[in-house]
Amino acid sequence: MKKLSITPATKPLTKKHTSTIWANIDPETRAVLHDLGAVHPDSLTTAQAAGYLSGVKGIQTAKSTLEVFRCQNRGPAYRKIGSRVFYSVTQLDKYAAGVEIKIFDPCAN
């Protein structure tokens, strides 16, 4: 009986390729993404994306908020592969640039 060898359709990411991707991200953001457990800046889970928006951009966002935004066709752009949802840092940055933070002050007229 012959053994079948299965080869991947694409080449795995090399260390050189991975380091090039992370080189475009500033050290502070890289540290936050590392603390969140991000493997790649273009494949953040919903929880990691919420942590990124809250920690780096100062926009307090919960995981459930991003889930609701997806249902309402609002919020940052995302990719869906099967049932899994992924956000990229560049799309989160574009979204954060367009968010206006309003502070309510009842004393102001």
# chains A, B, ... in the order shown; residues from 1 in each chain; ligands from 1
$ closest_atom_pairs --of "region 37-64 of chain A" --to "region 21-32 of chain A" --cutoff "8 Å" --atoms "only C-alpha atoms" --output "tab-separated table"
residue	atom	partner	partner_atom	distance
A:Pro41	CA	A:Trp22	CA	7.4
A:Tyr52	CA	A:Val32	CA	7.3
A:Gly55	CA	A:Val32	CA	7.4
A:Val56	CA	A:Thr29	CA	6.7
$ write_last_selection --atoms "N, CA and C atoms" --output "compact mmCIF listing (two decimals), in the first residue's frame"
# COMPACT_ATOMS: atom_id res chain seq x y z
N PRO A 41 -1.38 40.50 13.08
CA PRO A 41 -2.16 41.74 13.16
C PRO A 41 -3.39 41.78 12.24
N TYR A 52 -8.19 45.77 21.73
CA TYR A 52 -7.35 46.71 20.99
C TYR A 52 -8.00 48.09 20.96
N GLY A 55 -7.85 49.42 24.61
CA GLY A 55 -6.52 49.65 25.16
C GLY A 55 -5.67 50.62 24.38
N VAL A 56 -5.70 50.55 23.07
CA VAL A 56 -4.82 51.37 22.26
C VAL A 56 -5.51 52.66 21.80
$ residues_around --residues "region 92-101 of chain A" --least-positions-apart "2" --cutoff "8 Å" --atoms "only C-alpha atoms" --output "list in words"
Ala49, Leu53, Lys57, Ile59, Gly75, Pro76, Ala77, Tyr87, Ser88, Val89, Thr90 and Ile103 of chain A
$ write_last_selection --atoms "N, CA and C atoms" --output "compact mmCIF listing (two decimals), in the first residue's frame"
# COMPACT_ATOMS: atom_id res chain seq x y z
N ALA A 49 -10.07 42.29 19.25
CA ALA A 49 -10.38 43.57 18.60
C ALA A 49 -10.98 44.55 19.60
N LEU A 53 -9.28 48.14 20.63
CA LEU A 53 -9.97 49.43 20.57
C LEU A 53 -9.99 50.10 21.94
N LYS A 57 -6.73 52.55 21.35
CA LYS A 57 -7.42 53.69 20.77
C LYS A 57 -8.26 54.48 21.77
N ILE A 59 -11.22 53.78 22.89
CA ILE A 59 -12.66 53.68 22.62
C ILE A 59 -13.16 52.46 23.38
N GLY A 75 -19.93 49.37 12.50
CA GLY A 75 -18.67 49.01 13.12
C GLY A 75 -17.55 48.78 12.12
N PRO A 76 -16.44 48.27 12.60
CA PRO A 76 -15.28 48.06 11.73
C PRO A 76 -15.49 46.91 10.75
N ALA A 77 -14.77 46.98 9.64
CA ALA A 77 -14.83 45.91 8.64
C ALA A 77 -14.20 44.65 9.23
N TYR A 87 -10.73 40.44 12.58
CA TYR A 87 -10.54 41.86 12.33
C TYR A 87 -9.06 42.11 12.06
N SER A 88 -8.76 43.14 11.28
CA SER A 88 -7.36 43.51 11.06
C SER A 88 -7.09 44.84 11.77
N VAL A 89 -5.86 45.04 12.16
CA VAL A 89 -5.47 46.25 12.87
C VAL A 89 -5.70 47.47 11.99
N THR A 90 -5.42 47.38 10.70
CA THR A 90 -5.60 48.53 9.81
C THR A 90 -7.08 48.93 9.73
N ILE A 103 -18.79 63.47 25.22
CA ILE A 103 -18.83 63.47 26.68
C ILE A 103 -20.00 64.33 27.11
$ atom_distance --atom1 "CA of Cys71 (chain A)" --atom2 "CA of Ser43 (chain A)"
19.7 Å
$ atom_distance --atom1 "CA of Arg84 (chain A)" --atom2 "CA of Thr46 (chain A)"
9.3 Å
$ select_by_dssp --residues "chain A" --states "strand (DSSP E or B)" --output "compact mmCIF listing (two decimals) with N, CA and C atoms, in the first residue's frame"
# COMPACT_ATOMS: atom_id res chain seq x y z
N LEU A 44 -7.28 39.27 14.24
CA LEU A 44 -7.70 39.45 15.62
C LEU A 44 -9.10 38.89 15.80
N ARG A 79 -13.54 40.08 8.43
CA ARG A 79 -13.57 38.94 7.49
C ARG A 79 -14.20 37.77 8.22
N LYS A 80 -14.97 37.00 7.51
CA LYS A 80 -15.60 35.83 8.10
C LYS A 80 -15.14 34.61 7.32
N ILE A 81 -14.54 33.67 8.03
CA ILE A 81 -14.09 32.42 7.44
C ILE A 81 -14.85 31.31 8.14
N ARG A 84 -16.04 31.74 11.86
CA ARG A 84 -15.09 32.55 12.63
C ARG A 84 -14.96 33.94 12.03
N VAL A 85 -14.83 34.93 12.91
CA VAL A 85 -14.75 36.33 12.50
C VAL A 85 -13.37 36.87 12.86
N PHE A 86 -12.76 37.61 11.92
CA PHE A 86 -11.44 38.18 12.15
C PHE A 86 -11.44 39.66 11.78
N TYR A 87 -10.73 40.44 12.58
CA TYR A 87 -10.54 41.86 12.33
C TYR A 87 -9.06 42.11 12.06
$ atom_distance --atom1 "CA of His40 (chain A)" --atom2 "CA of Gln60 (chain A)"
22.3 Å
$ select_by_dssp --residues "region 7-97 of chain A" --states "alpha helix (DSSP H)" --output "ChimeraX atom specification"
/A:15-23,27-36,46-55,63-71,89-97
$ closest_residue --among "A:Val68, A:Lys102, A:Lys63, A:Ala108" --to "Thr45 (chain A)" --atoms "only C-alpha atoms"
A:Lys63
